[in-house]
$ cat structure29.pdb   # PDB, C-alpha atoms
ATOM      1  CA  MET A 960     172.192  47.771 346.969
ATOM      2  CA  LEU A 961     168.800  46.323 347.819
ATOM      3  CA  SER A 962     166.346  46.455 344.992
ATOM      4  CA  ARG A 963     162.593  46.089 345.084
ATOM      5  CA  ARG A 964     161.075  43.505 347.410
ATOM      6  CA  ASN A 965     164.186  43.398 349.539
ATOM      7  CA  VAL A 966     166.007  41.110 347.141
ATOM      8  CA  ARG A 967     169.678  41.908 346.703
ATOM      9  CA  CYS A 968     170.575  41.077 343.143
ATOM     10  CA  SER A 969     173.749  41.920 341.271
ATOM     11  CA  VAL A 970     171.924  41.829 337.941
ATOM     12  CA  ALA A 971     169.384  44.421 339.076
ATOM     13  CA  ALA A 972     172.039  46.538 340.797
ATOM     14  CA  SER A 973     174.247  46.545 337.702
ATOM     15  CA  LEU A 974     171.293  47.406 335.499
ATOM     16  CA  ASP A 975     170.566  50.392 337.727
ATOM     17  CA  ILE A 976     173.929  51.762 336.648
ATOM     18  CA  ILE A 977     174.530  50.571 333.117
ATOM     19  CA  GLY A 978     171.276  48.971 332.016
ATOM     20  CA  GLU A 979     170.117  51.574 329.639
ATOM     21  CA  ARG A 980     170.713  51.465 325.948
ATOM     22  CA  TRP A 981     172.659  54.718 325.673
ATOM     23  CA  ASN A 982     174.901  53.904 328.604
ATOM     24  CA  LEU A 983     176.025  50.642 327.063
ATOM     25  CA  LEU A 984     176.578  52.269 323.678
ATOM     26  CA  ILE A 985     178.669  54.986 325.361
ATOM     27  CA  ILE A 986     180.720  52.284 327.074
ATOM     28  CA  ARG A 987     181.076  50.487 323.737
ATOM     29  CA  GLU A 988     182.420  53.711 322.199
ATOM     30  CA  ALA A 989     184.815  54.235 325.093
ATOM     31  CA  VAL A 990     186.120  50.703 324.568
ATOM     32  CA  MET A 991     186.597  51.563 320.904
ATOM     33  CA  GLY A 992     188.678  54.570 321.841
ATOM     34  CA  SER A 993     186.304  57.546 321.905
ATOM     35  CA  THR A 994     187.139  60.091 324.595
ATOM     36  CA  ARG A 995     185.578  63.417 323.554
ATOM     37  CA  PHE A 996     181.945  64.487 323.746
ATOM     38  CA  ASP A 997     181.803  65.095 320.002
ATOM     39  CA  GLU A 998     183.150  61.635 319.230
ATOM     40  CA  PHE A 999     180.471  59.990 321.344
ATOM     41  CA  HIS A1000     177.857  62.308 319.861
ATOM     42  CA  GLU A1001     178.783  61.595 316.275
ATOM     43  CA  ARG A1002     179.405  57.871 316.580
ATOM     44  CA  ILE A1003     176.396  56.913 318.672
ATOM     45  CA  GLY A1004     173.970  59.326 317.087
ATOM     46  CA  VAL A1005     172.503  60.315 320.428
ATOM     47  CA  ALA A1006     170.978  63.716 321.188
ATOM     48  CA  ARG A1007     173.380  66.091 322.937
ATOM     49  CA  ASN A1008     171.205  66.606 326.015
ATOM     50  CA  ILE A1009     170.809  62.858 326.534
ATOM     51  CA  LEU A1010     174.525  62.305 326.007
ATOM     52  CA  THR A1011     175.346  65.040 328.536
ATOM     53  CA  SER A1012     173.158  63.442 331.183
ATOM     54  CA  ARG A1013     174.368  59.893 330.481
ATOM     55  CA  LEU A1014     178.039  60.887 330.584
ATOM     56  CA  ALA A1015     177.475  62.699 333.888
ATOM     57  CA  GLY A1016     175.759  59.615 335.303
ATOM     58  CA  LEU A1017     178.572  57.323 334.213
ATOM     59  CA  VAL A1018     181.111  59.666 335.816
ATOM     60  CA  ASP A1019     179.042  59.822 339.039
ATOM     61  CA  ASN A1020     178.823  56.051 339.138
ATOM     62  CA  GLY A1021     182.551  55.555 338.728
ATOM     63  CA  ILE A1022     182.534  54.110 335.199
ATOM     64  CA  LEU A1023     184.198  57.061 333.477
ATOM     65  CA  THR A1024     186.548  59.826 334.548
ATOM     66  CA  ARG A1025     186.215  63.338 333.162
ATOM     67  CA  THR A1026     189.406  65.347 332.911
ATOM     68  CA  PRO A1027     190.442  68.458 330.947
ATOM     69  CA  SER A1028     192.319  67.649 327.763
ATOM     70  CA  PRO A1029     196.044  68.479 328.010
ATOM     71  CA  ASP A1030     195.766  70.193 324.614
ATOM     72  CA  ASN A1031     192.720  72.285 325.352
ATOM     73  CA  ALA A1032     191.389  72.735 328.874
ATOM     74  CA  ARG A1033     187.943  73.597 327.500
ATOM     75  CA  ILE A1034     187.604  70.092 326.111
ATOM     76  CA  HIS A1035     187.106  67.213 328.501
ATOM     77  CA  LEU A1036     188.202  63.652 328.022
ATOM     78  CA  TYR A1037     186.008  60.808 329.176
ATOM     79  CA  GLU A1038     187.949  57.665 329.971
ATOM     80  CA  LEU A1039     187.073  54.293 331.451
ATOM     81  CA  THR A1040     188.043  53.685 335.074
ATOM     82  CA  ALA A1041     189.118  50.216 336.261
ATOM     83  CA  MET A1042     185.440  49.608 337.048
ATOM     84  CA  GLY A1043     184.528  50.689 333.536
ATOM     85  CA  LYS A1044     187.255  48.628 331.871
ATOM     86  CA  ASP A1045     185.993  45.621 333.755
ATOM     87  CA  LEU A1046     182.784  45.834 331.693
ATOM     88  CA  LEU A1047     184.647  44.332 328.744
ATOM     89  CA  PRO A1048     183.415  40.763 329.384
ATOM     90  CA  LEU A1049     179.830  42.036 329.644
ATOM     91  CA  LEU A1050     180.183  43.998 326.413
ATOM     92  CA  ALA A1051     181.775  41.010 324.686
ATOM     93  CA  ALA A1052     178.961  38.746 325.927
ATOM     94  CA  ILE A1053     176.342  41.075 324.429
ATOM     95  CA  MET A1054     178.293  41.322 321.194
ATOM     96  CA  GLN A1055     178.877  37.587 320.834
ATOM     97  CA  TRP A1056     175.224  36.815 321.478
ATOM     98  CA  GLY A1057     174.235  39.319 318.793
ATOM     99  CA  ASP A1058     176.803  37.832 316.410
ATOM    100  CA  ARG A1059     175.339  34.346 316.878
ATOM    101  CA  TRP A1060     171.641  35.083 316.903
ATOM    102  CA  LEU A1061     171.155  38.298 314.954
ATOM    103  CA  HIS A1062     174.058  38.467 312.522
ATOM    104  CA  ALA A1063     174.718  34.808 311.756
ATOM    105  CA  LYS A1064     174.026  35.311 308.033
ATOM    106  CA  VAL A1065     176.200  38.380 307.454
ATOM    107  CA  GLY A1066     178.927  37.330 309.891
ATOM    108  CA  ALA A1067     180.334  39.182 312.870
ATOM    109  CA  PRO A1068     180.642  42.929 312.205
ATOM    110  CA  ILE A1069     183.585  43.183 314.608
ATOM    111  CA  ILE A1070     186.309  40.768 315.631
ATOM    112  CA  LEU A1071     188.010  40.984 319.016
ATOM    113  CA  SER A1072     191.564  39.663 319.169
ATOM    114  CA  ASP A1073     194.747  39.694 321.173
ATOM    115  CA  ARG A1074     196.863  42.494 319.740
ATOM    116  CA  ALA A1075     200.222  40.724 320.008
ATOM    117  CA  SER A1076     199.310  37.342 318.530
ATOM    118  CA  GLY A1077     196.312  38.359 316.450
ATOM    119  CA  ALA A1078     194.412  35.361 317.836
ATOM    120  CA  ALA A1079     190.660  35.875 318.058
ATOM    121  CA  VAL A1080     188.839  35.967 321.388
ATOM    122  CA  GLN A1081     186.796  32.802 321.938
ATOM    123  CA  PRO A1082     183.083  32.849 322.799
ATOM    124  CA  LEU A1083     182.578  33.414 326.509
ATOM    125  CA  GLN A1084     181.433  30.326 328.327
ATOM    126  CA  LEU A1085     180.690  29.579 331.952
ATOM    127  CA  LYS A1086     183.279  27.176 333.285
ATOM    128  CA  THR A1087     184.432  25.815 336.609
ATOM    129  CA  LYS A1088     188.069  26.006 337.656
ATOM    130  CA  THR A1089     188.704  22.538 336.242
ATOM    131  CA  GLY A1090     187.059  23.435 332.939
ATOM    132  CA  ILE A1091     183.597  21.900 333.244
ATOM    133  CA  ALA A1092     181.263  23.852 330.935
ATOM    134  CA  VAL A1093     178.202  25.096 332.807
ATOM    135  CA  LYS A1094     175.024  25.594 330.807
ATOM    136  CA  LEU A1095     171.484  26.086 331.966
ATOM    137  CA  ASP A1096     170.939  22.327 332.149
ATOM    138  CA  ASN A1097     173.662  21.745 334.721
ATOM    139  CA  LEU A1098     173.555  25.141 336.409
ATOM    140  CA  MET A1099     173.063  25.202 340.166
ATOM    141  CA  ILE A1100     172.043  28.485 341.776
ATOM    142  CA  THR A1101     172.679  28.863 345.490
ATOM    143  CA  ALA A1102     172.592  31.682 348.006
ATOM    144  CA  GLY A1103     175.921  33.446 348.498
ATOM    145  CA  PRO A1104     177.196  35.409 351.508
ATOM    146  CA  GLY A1105     175.384  38.542 350.310
ATOM    147  CA  ALA A1106     171.972  36.912 349.916
ATOM    148  CA  THR A1107     169.042  38.391 351.810
ATOM    149  CA  GLU A1108     166.764  36.106 353.855
ATOM    150  CA  ILE A1109     164.006  36.277 351.271
ATOM    151  CA  MET A1110     166.442  35.078 348.606
ATOM    152  CA  ARG A1111     167.794  32.267 350.764
ATOM    153  CA  LYS A1112     164.268  30.960 351.286
ATOM    154  CA  ARG A1113     163.440  31.229 347.647
ATOM    155  CA  LEU A1114     166.571  29.444 346.488
ATOM    156  CA  SER A1115     165.975  26.523 348.813
ATOM    157  CA  VAL A1116     162.457  26.217 347.408
ATOM    158  CA  THR A1117     163.687  26.531 343.839
ATOM    159  CA  HIS A1118     166.147  23.743 344.411
ATOM    160  CA  ALA A1119     163.640  21.449 346.019
ATOM    161  CA  ALA A1120     161.415  21.967 342.983
ATOM    162  CA  ALA A1121     164.152  21.537 340.392
ATOM    163  CA  LYS A1122     164.490  18.299 338.513
TER     164      LYS A1122
ATOM    165  CA  MET B 977     170.272  44.672 311.608
ATOM    166  CA  LEU B 978     171.622  48.071 310.697
ATOM    167  CA  SER B 979     171.346  50.594 313.461
ATOM    168  CA  ARG B 980     171.591  54.356 313.253
ATOM    169  CA  ARG B 981     174.218  55.882 310.972
ATOM    170  CA  ASN B 982     174.473  52.724 308.935
ATOM    171  CA  VAL B 983     176.728  51.012 311.430
ATOM    172  CA  ARG B 984     175.994  47.334 311.943
ATOM    173  CA  CYS B 985     176.725  46.542 315.567
ATOM    174  CA  SER B 986     175.894  43.405 317.495
ATOM    175  CA  VAL B 987     175.844  45.326 320.756
ATOM    176  CA  ALA B 988     173.234  47.773 319.491
ATOM    177  CA  ALA B 989     171.240  45.024 317.785
ATOM    178  CA  SER B 990     171.185  42.912 320.941
ATOM    179  CA  LEU B 991     170.182  45.899 323.023
ATOM    180  CA  ASP B 992     167.258  46.491 320.683
ATOM    181  CA  ILE B 993     165.931  43.131 321.823
ATOM    182  CA  ILE B 994     167.034  42.662 325.405
ATOM    183  CA  GLY B 995     168.524  45.984 326.451
ATOM    184  CA  GLU B 996     165.829  47.161 328.729
ATOM    185  CA  ARG B 997     165.842  46.672 332.456
ATOM    186  CA  TRP B 998     162.610  44.647 332.668
ATOM    187  CA  ASN B 999     163.578  42.360 329.834
ATOM    188  CA  LEU B1000     166.819  41.346 331.497
ATOM    189  CA  LEU B1001     165.103  40.854 334.840
ATOM    190  CA  ILE B1002     162.489  38.651 333.139
ATOM    191  CA  ILE B1003     165.277  36.618 331.568
ATOM    192  CA  ARG B1004     166.991  36.397 334.970
ATOM    193  CA  GLU B1005     163.762  35.020 336.454
ATOM    194  CA  ALA B1006     163.375  32.537 333.619
ATOM    195  CA  VAL B1007     166.922  31.325 334.280
ATOM    196  CA  MET B1008     165.962  30.928 337.939
ATOM    197  CA  GLY B1009     163.029  28.742 336.975
ATOM    198  CA  SER B1010     160.017  31.050 336.746
ATOM    199  CA  THR B1011     157.556  30.085 334.007
ATOM    200  CA  ARG B1012     154.173  31.611 334.905
ATOM    201  CA  PHE B1013     153.024  35.198 334.555
ATOM    202  CA  ASP B1014     152.289  35.423 338.290
ATOM    203  CA  GLU B1015     155.759  34.193 339.214
ATOM    204  CA  PHE B1016     157.406  36.856 337.061
ATOM    205  CA  HIS B1017     154.981  39.451 338.410
ATOM    206  CA  GLU B1018     155.623  38.634 342.037
ATOM    207  CA  ARG B1019     159.350  38.101 341.872
ATOM    208  CA  ILE B1020     160.305  41.077 339.719
ATOM    209  CA  GLY B1021     157.787  43.490 341.166
ATOM    210  CA  VAL B1022     156.852  44.825 337.745
ATOM    211  CA  ALA B1023     153.445  46.249 336.848
ATOM    212  CA  ARG B1024     151.186  43.731 335.098
ATOM    213  CA  ASN B1025     150.708  45.799 331.942
ATOM    214  CA  ILE B1026     154.446  46.272 331.518
ATOM    215  CA  LEU B1027     155.076  42.587 332.168
ATOM    216  CA  THR B1028     152.450  41.632 329.578
ATOM    217  CA  SER B1029     154.077  43.795 326.921
ATOM    218  CA  ARG B1030     157.629  42.687 327.756
ATOM    219  CA  LEU B1031     156.727  38.984 327.742
ATOM    220  CA  ALA B1032     155.001  39.406 324.375
ATOM    221  CA  GLY B1033     158.083  41.159 323.013
ATOM    222  CA  LEU B1034     160.416  38.438 324.233
ATOM    223  CA  VAL B1035     158.170  35.795 322.631
ATOM    224  CA  ASP B1036     158.054  37.768 319.361
ATOM    225  CA  ASN B1037     161.816  38.072 319.353
ATOM    226  CA  GLY B1038     162.387  34.373 319.894
ATOM    227  CA  ILE B1039     163.744  34.528 323.452
ATOM    228  CA  LEU B1040     160.772  32.836 325.136
ATOM    229  CA  THR B1041     158.105  30.382 324.052
ATOM    230  CA  ARG B1042     154.540  30.697 325.317
ATOM    231  CA  THR B1043     152.595  27.444 325.607
ATOM    232  CA  PRO B1044     149.455  26.417 327.511
ATOM    233  CA  SER B1045     150.197  24.648 330.775
ATOM    234  CA  PRO B1046     149.454  20.886 330.599
ATOM    235  CA  ASP B1047     147.639  21.230 333.950
ATOM    236  CA  ASN B1048     145.498  24.205 333.062
ATOM    237  CA  ALA B1049     145.115  25.434 329.501
ATOM    238  CA  ARG B1050     144.142  28.894 330.749
ATOM    239  CA  ILE B1051     147.596  29.329 332.227
ATOM    240  CA  HIS B1052     150.548  29.838 329.895
ATOM    241  CA  LEU B1053     154.115  28.842 330.509
ATOM    242  CA  TYR B1054     156.961  31.077 329.378
ATOM    243  CA  GLU B1055     160.159  29.180 328.742
ATOM    244  CA  LEU B1056     163.550  30.088 327.327
ATOM    245  CA  THR B1057     164.299  29.048 323.754
ATOM    246  CA  ALA B1058     167.818  28.013 322.712
ATOM    247  CA  MET B1059     168.362  31.680 321.825
ATOM    248  CA  GLY B1060     167.160  32.648 325.285
ATOM    249  CA  LYS B1061     169.234  30.029 327.088
ATOM    250  CA  ASP B1062     172.267  31.323 325.254
ATOM    251  CA  LEU B1063     171.925  34.575 327.207
ATOM    252  CA  LEU B1064     173.390  32.836 330.256
ATOM    253  CA  PRO B1065     176.947  34.149 329.676
ATOM    254  CA  LEU B1066     175.589  37.680 329.284
ATOM    255  CA  LEU B1067     173.543  37.377 332.464
ATOM    256  CA  ALA B1068     176.518  35.909 334.325
ATOM    257  CA  ALA B1069     178.747  38.734 333.064
ATOM    258  CA  ILE B1070     176.310  41.343 334.414
ATOM    259  CA  MET B1071     176.026  39.484 337.703
ATOM    260  CA  GLN B1072     179.749  39.010 338.180
ATOM    261  CA  TRP B1073     180.468  42.655 337.466
ATOM    262  CA  GLY B1074     177.854  43.653 340.047
ATOM    263  CA  ASP B1075     179.332  41.192 342.536
ATOM    264  CA  ARG B1076     182.787  42.726 342.112
ATOM    265  CA  TRP B1077     181.952  46.405 341.972
ATOM    266  CA  LEU B1078     178.673  46.862 343.801
ATOM    267  CA  HIS B1079     178.506  44.027 346.321
ATOM    268  CA  ALA B1080     182.151  43.470 347.215
ATOM    269  CA  LYS B1081     181.516  44.267 350.885
ATOM    270  CA  VAL B1082     178.488  42.031 351.444
ATOM    271  CA  GLY B1083     179.689  39.275 349.125
ATOM    272  CA  ALA B1084     177.961  37.731 346.135
ATOM    273  CA  PRO B1085     174.206  37.357 346.684
ATOM    274  CA  ILE B1086     174.081  34.350 344.370
ATOM    275  CA  ILE B1087     176.595  31.644 343.508
ATOM    276  CA  LEU B1088     176.520  29.846 340.165
ATOM    277  CA  SER B1089     177.937  26.314 340.148
ATOM    278  CA  ASP B1090     178.043  23.081 338.245
ATOM    279  CA  ARG B1091     175.240  20.933 339.644
ATOM    280  CA  ALA B1092     177.099  17.610 339.543
ATOM    281  CA  SER B1093     180.418  18.650 341.085
ATOM    282  CA  GLY B1094     179.266  21.676 343.062
ATOM    283  CA  ALA B1095     182.261  23.618 341.690
ATOM    284  CA  ALA B1096     181.678  27.353 341.341
ATOM    285  CA  VAL B1097     181.631  29.076 337.969
ATOM    286  CA  GLN B1098     184.764  31.180 337.436
ATOM    287  CA  PRO B1099     184.658  34.865 336.467
ATOM    288  CA  LEU B1100     184.179  35.238 332.725
ATOM    289  CA  GLN B1101     187.300  36.401 330.979
ATOM    290  CA  LEU B1102     188.129  37.061 327.346
ATOM    291  CA  LYS B1103     190.628  34.492 326.141
ATOM    292  CA  THR B1104     192.106  33.289 322.911
ATOM    293  CA  LYS B1105     192.041  29.622 321.960
ATOM    294  CA  THR B1106     195.466  29.116 323.503
ATOM    295  CA  GLY B1107     194.450  30.816 326.717
ATOM    296  CA  ILE B1108     195.903  34.321 326.368
ATOM    297  CA  ALA B1109     193.836  36.656 328.546
ATOM    298  CA  VAL B1110     192.572  39.636 326.552
ATOM    299  CA  LYS B1111     191.945  42.858 328.443
ATOM    300  CA  LEU B1112     191.399  46.350 327.171
ATOM    301  CA  ASP B1113     195.156  46.975 327.072
ATOM    302  CA  ASN B1114     195.872  44.195 324.597
ATOM    303  CA  LEU B1115     192.535  44.177 322.811
ATOM    304  CA  MET B1116     192.551  44.553 319.055
ATOM    305  CA  ILE B1117     189.305  45.447 317.307
ATOM    306  CA  THR B1118     189.060  44.699 313.606
ATOM    307  CA  ALA B1119     186.305  44.646 311.015
ATOM    308  CA  GLY B1120     184.632  41.253 310.568
ATOM    309  CA  PRO B1121     182.806  39.838 307.543
ATOM    310  CA  GLY B1122     179.589  41.612 308.600
ATOM    311  CA  ALA B1123     181.127  45.071 308.937
ATOM    312  CA  THR B1124     179.640  47.896 306.906
ATOM    313  CA  GLU B1125     181.912  50.163 304.865
ATOM    314  CA  ILE B1126     181.618  52.989 307.352
ATOM    315  CA  MET B1127     182.793  50.680 310.129
ATOM    316  CA  ARG B1128     185.700  49.340 308.077
ATOM    317  CA  LYS B1129     186.935  52.856 307.491
ATOM    318  CA  ARG B1130     186.550  53.792 311.103
ATOM    319  CA  LEU B1131     188.358  50.739 312.398
ATOM    320  CA  SER B1132     191.335  51.320 310.133
ATOM    321  CA  VAL B1133     191.541  54.874 311.454
ATOM    322  CA  THR B1134     191.185  53.703 315.041
ATOM    323  CA  HIS B1135     194.024  51.292 314.595
ATOM    324  CA  ALA B1136     196.301  53.792 312.953
ATOM    325  CA  ALA B1137     195.689  56.082 315.926
ATOM    326  CA  ALA B1138     196.142  53.405 318.569
ATOM    327  CA  LYS B1139     199.381  53.164 320.476
TER     328      LYS B1139
END

$ encode --input "structure29.pdb" --output "structure tokens"
Amino acid sequence: MLSRRNVRCSVAASLDIIGERWNLLIIREAVMGSTRFDEFHERIGVARNILTSRLAGLVDNGILTRTPSPDNARIHLYELTAMGKDLLPLLAAIMQWGDRWLHAKVGAPIILSDRASGAAVQPLQLKTKTGIAVKLDNLMITAGPGATEIMRKRLSVTHAAAK
Amino acid sequence: MLSRRNVRCSVAASLDIIGERWNLLIIREAVMGSTRFDEFHERIGVARNILTSRLAGLVDNGILTRTPSPDNARIHLYELTAMGKDLLPLLAAIMQWGDRWLHAKVGAPIILSDRASGAAVQPLQLKTKTGIAVKLDNLMITAGPGATEIMRKRLSVTHAAAK
């Protein structure tokens, strides 16, 4: 997907699909086990018409499936696809950042753990294969195979200018 | 921060601050080295009035600082605070998801690496301290110290219902 100004960017492309408050809260609810319209409606506190349109969009974009409930064909179940389940690191990153910077005083509202061992999930951190922690200070940004020409040029300039 | 329905949620609270397309694209640009209004304007392709309001919001919320340029006091530099720099894992999570699910055919537009070794950053993954990978199938969600009563109740129900 090419966004504005002919720059292909995975951040912008992802935001086109999920980068809207209600979408991410719907995905959060799906991760927490909600499947029915009324569950999403009640737990997110979103207007029904907005919820209807957001759920349809998430189904269209391959994040959720919509299937009739085995118990009652008039009720539909919304469930995360593999693509939707793969949003867990993104959701955890948002949550952990909020825990650190917005809820430091009260403590984390929610703890994520491994079910079998009960061990808590650690804060997400950028690391290389050999375990070097990558922060903004030692981050290098280069053009990948999917970069457009405009981005290649820009990245070479950015690097020349970087300290 | 308590969001709607008296549920304290770090996802919702974070989204209140950064969960808007332009905000995340501004933060992406800041990570890529943009500091001046005109750089953000040109590279994001956002209207000037929107950019003005979003930059002010990010400064108010502690994500960016705004200081006069040493070269020209009429120009201001926008730079990430520690709170802003700490959004790198979130930004990388969005980017990596887009790389996998939206740009798999063309390949990643951008590669993140460690500057000194040149080694690429690995995909972010939820892990416990001892290295157990946590995916949705083995994820346990429990109430933390900052949970509100309503959330505590809900989580106990969720768990009772979980397989």

$ atom_distance --input "structure29.pdb" --atom1 "CA of Thr1124 (chain B)" --atom2 "CA of Asp1058 (chain A)"
14.1 Å

$ closest_atom_pairs --input "structure29.pdb" --of "chain B" --to "chain A" --cutoff "6 Å" --atoms "all atoms listed in the file" --output "JSON lines"
{"residue": "B:Ser986", "atom": "CA", "partner": "A:Gly1057", "partner_atom": "CA", "distance": 4.6}
{"residue": "B:Val987", "atom": "CA", "partner": "A:Met1054", "partner_atom": "CA", "distance": 4.7}
{"residue": "B:Ser990", "atom": "CA", "partner": "A:Gly1057", "partner_atom": "CA", "distance": 5.2}
{"residue": "B:Gly995", "atom": "CA", "partner": "A:Arg980", "partner_atom": "CA", "distance": 5.9}
{"residue": "B:Arg997", "atom": "CA", "partner": "A:Gly978", "partner_atom": "CA", "distance": 5.9}
{"residue": "B:Leu1066", "atom": "CA", "partner": "A:Ala1052", "partner_atom": "CA", "distance": 4.9}
{"residue": "B:Ala1069", "atom": "CA", "partner": "A:Leu1049", "partner_atom": "CA", "distance": 4.9}
{"residue": "B:Ile1070", "atom": "CA", "partner": "A:Val970", "partner_atom": "CA", "distance": 5.6}
{"residue": "B:Met1071", "atom": "CA", "partner": "A:Val970", "partner_atom": "CA", "distance": 4.7}
{"residue": "B:Gly1074", "atom": "CA", "partner": "A:Ser969", "partner_atom": "CA", "distance": 4.6}
{"residue": "B:Asp1075", "atom": "CA", "partner": "A:Ser969", "partner_atom": "CA", "distance": 5.8}
{"residue": "B:Val1082", "atom": "CA", "partner": "A:Gly1105", "partner_atom": "CA", "distance": 4.8}
{"residue": "B:Gly1083", "atom": "CA", "partner": "A:Gly1105", "partner_atom": "CA", "distance": 4.5}
{"residue": "B:Ala1084", "atom": "CA", "partner": "A:Gly1105", "partner_atom": "CA", "distance": 5.0}
{"residue": "B:Pro1085", "atom": "CA", "partner": "A:Ala1106", "partner_atom": "CA", "distance": 4.0}
{"residue": "B:Ile1086", "atom": "CA", "partner": "A:Gly1103", "partner_atom": "CA", "distance": 4.6}
{"residue": "B:Ile1087", "atom": "CA", "partner": "A:Thr1101", "partner_atom": "CA", "distance": 5.2}
{"residue": "B:Leu1088", "atom": "CA", "partner": "A:Ile1100", "partner_atom": "CA", "distance": 4.9}
{"residue": "B:Ser1089", "atom": "CA", "partner": "A:Met1099", "partner_atom": "CA", "distance": 5.0}
{"residue": "B:Asp1090", "atom": "CA", "partner": "A:Leu1098", "partner_atom": "CA", "distance": 5.3}
{"residue": "B:Arg1091", "atom": "CA", "partner": "A:Met1099", "partner_atom": "CA", "distance": 4.8}
{"residue": "B:Ala1095", "atom": "CA", "partner": "A:Thr1087", "partner_atom": "CA", "distance": 5.9}
{"residue": "B:Ala1096", "atom": "CA", "partner": "A:Thr1087", "partner_atom": "CA", "distance": 5.7}
{"residue": "B:Val1097", "atom": "CA", "partner": "A:Thr1087", "partner_atom": "CA", "distance": 4.5}
{"residue": "B:Gln1098", "atom": "CA", "partner": "A:Thr1087", "partner_atom": "CA", "distance": 5.4}
{"residue": "B:Lys1103", "atom": "CA", "partner": "A:Val1080", "partner_atom": "CA", "distance": 5.3}
{"residue": "B:Thr1104", "atom": "CA", "partner": "A:Val1080", "partner_atom": "CA", "distance": 4.5}
{"residue": "B:Val1110", "atom": "CA", "partner": "A:Asp1073", "partner_atom": "CA", "distance": 5.8}
{"residue": "B:Asn1114", "atom": "CA", "partner": "A:Arg1074", "partner_atom": "CA", "distance": 5.2}
{"residue": "B:Leu1115", "atom": "CA", "partner": "A:Asp1073", "partner_atom": "CA", "distance": 5.3}
{"residue": "B:Met1116", "atom": "CA", "partner": "A:Arg1074", "partner_atom": "CA", "distance": 4.8}
{"residue": "B:Ile1117", "atom": "CA", "partner": "A:Leu1071", "partner_atom": "CA", "distance": 5.0}
{"residue": "B:Thr1118", "atom": "CA", "partner": "A:Ile1070", "partner_atom": "CA", "distance": 5.2}
{"residue": "B:Ala1119", "atom": "CA", "partner": "A:Ile1069", "partner_atom": "CA", "distance": 4.7}
{"residue": "B:Gly1120", "atom": "CA", "partner": "A:Ile1069", "partner_atom": "CA", "distance": 4.6}
{"residue": "B:Pro1121", "atom": "CA", "partner": "A:Gly1066", "partner_atom": "CA", "distance": 5.2}
{"residue": "B:Gly1122", "atom": "CA", "partner": "A:Pro1068", "partner_atom": "CA", "distance": 4.0}
{"residue": "B:Ala1123", "atom": "CA", "partner": "A:Pro1068", "partner_atom": "CA", "distance": 3.9}

$ closest_residue --input "structure29.pdb" --among "A:Glu998, A:Arg1033, A:Glu1108, A:Leu1039" --to "Leu1017 (chain A)" --atoms "all atoms listed in the file"
A:Leu1039

$ residues_around --input "structure29.pdb" --residues "Leu1023 (chain A)" --least-positions-apart "3" --cutoff "10 Å" --atoms "all atoms listed in the file" --output "PyMOL selection string"
chain A and resi 986+989+994+1014-1020+1026+1036-1044

$ atom_distance --input "structure29.pdb" --atom1 "CA of Ile1126 (chain B)" --atom2 "CA of Phe996 (chain A)"
20.0 Å

$ closest_residue --input "structure29.pdb" --among "A:Ser1115, A:Ile1034, A:Ile1022, A:Ile985" --to "Phe999 (chain A)" --atoms "all atoms listed in the file"
A:Ile985

$ atom_distance --input "structure29.pdb" --atom1 "CA of Leu1010 (chain A)" --atom2 "CA of Asn982 (chain A)"
8.8 Å

$ build_atoms --input "structure29.pdb" --residues "region 990-996 of chain A" --atoms "N, CA, C and O atoms" --output "PDB file, in the coordinates of the input"
ATOM      1  N   VAL A 990     185.264  51.864 324.828  1.00  0.00           N
ATOM      2  CA  VAL A 990     186.120  50.703 324.568  1.00  0.00           C
ATOM      3  C   VAL A 990     186.778  50.835 323.197  1.00  0.00           C
ATOM      4  O   VAL A 990     187.932  50.457 323.001  1.00  0.00           O
ATOM      5  N   MET A 991     186.056  51.415 322.249  1.00  0.00           N
ATOM      6  CA  MET A 991     186.597  51.563 320.904  1.00  0.00           C
ATOM      7  C   MET A 991     187.486  52.794 320.769  1.00  0.00           C
ATOM      8  O   MET A 991     187.969  53.092 319.678  1.00  0.00           O
ATOM      9  N   GLY A 992     187.684  53.514 321.851  1.00  0.00           N
ATOM     10  CA  GLY A 992     188.678  54.570 321.841  1.00  0.00           C
ATOM     11  C   GLY A 992     188.154  55.996 321.841  1.00  0.00           C
ATOM     12  O   GLY A 992     188.935  56.941 321.829  1.00  0.00           O
ATOM     13  N   SER A 993     186.833  56.178 321.852  1.00  0.00           N
ATOM     14  CA  SER A 993     186.304  57.546 321.905  1.00  0.00           C
ATOM     15  C   SER A 993     186.561  58.141 323.288  1.00  0.00           C
ATOM     16  O   SER A 993     186.456  57.446 324.301  1.00  0.00           O
ATOM     17  N   THR A 994     186.913  59.418 323.310  1.00  0.00           N
ATOM     18  CA  THR A 994     187.139  60.091 324.595  1.00  0.00           C
ATOM     19  C   THR A 994     186.415  61.445 324.676  1.00  0.00           C
ATOM     20  O   THR A 994     186.102  61.901 325.762  1.00  0.00           O
ATOM     21  N   ARG A 995     186.151  62.075 323.532  1.00  0.00           N
ATOM     22  CA  ARG A 995     185.578  63.417 323.554  1.00  0.00           C
ATOM     23  C   ARG A 995     184.071  63.395 323.298  1.00  0.00           C
ATOM     24  O   ARG A 995     183.569  62.540 322.567  1.00  0.00           O
ATOM     25  N   PHE A 996     183.391  64.358 323.885  1.00  0.00           N
ATOM     26  CA  PHE A 996     181.945  64.487 323.746  1.00  0.00           C
ATOM     27  C   PHE A 996     181.515  64.359 322.288  1.00  0.00           C
ATOM     28  O   PHE A 996     180.597  63.607 321.956  1.00  0.00           O
TER      29      PHE A 996
END
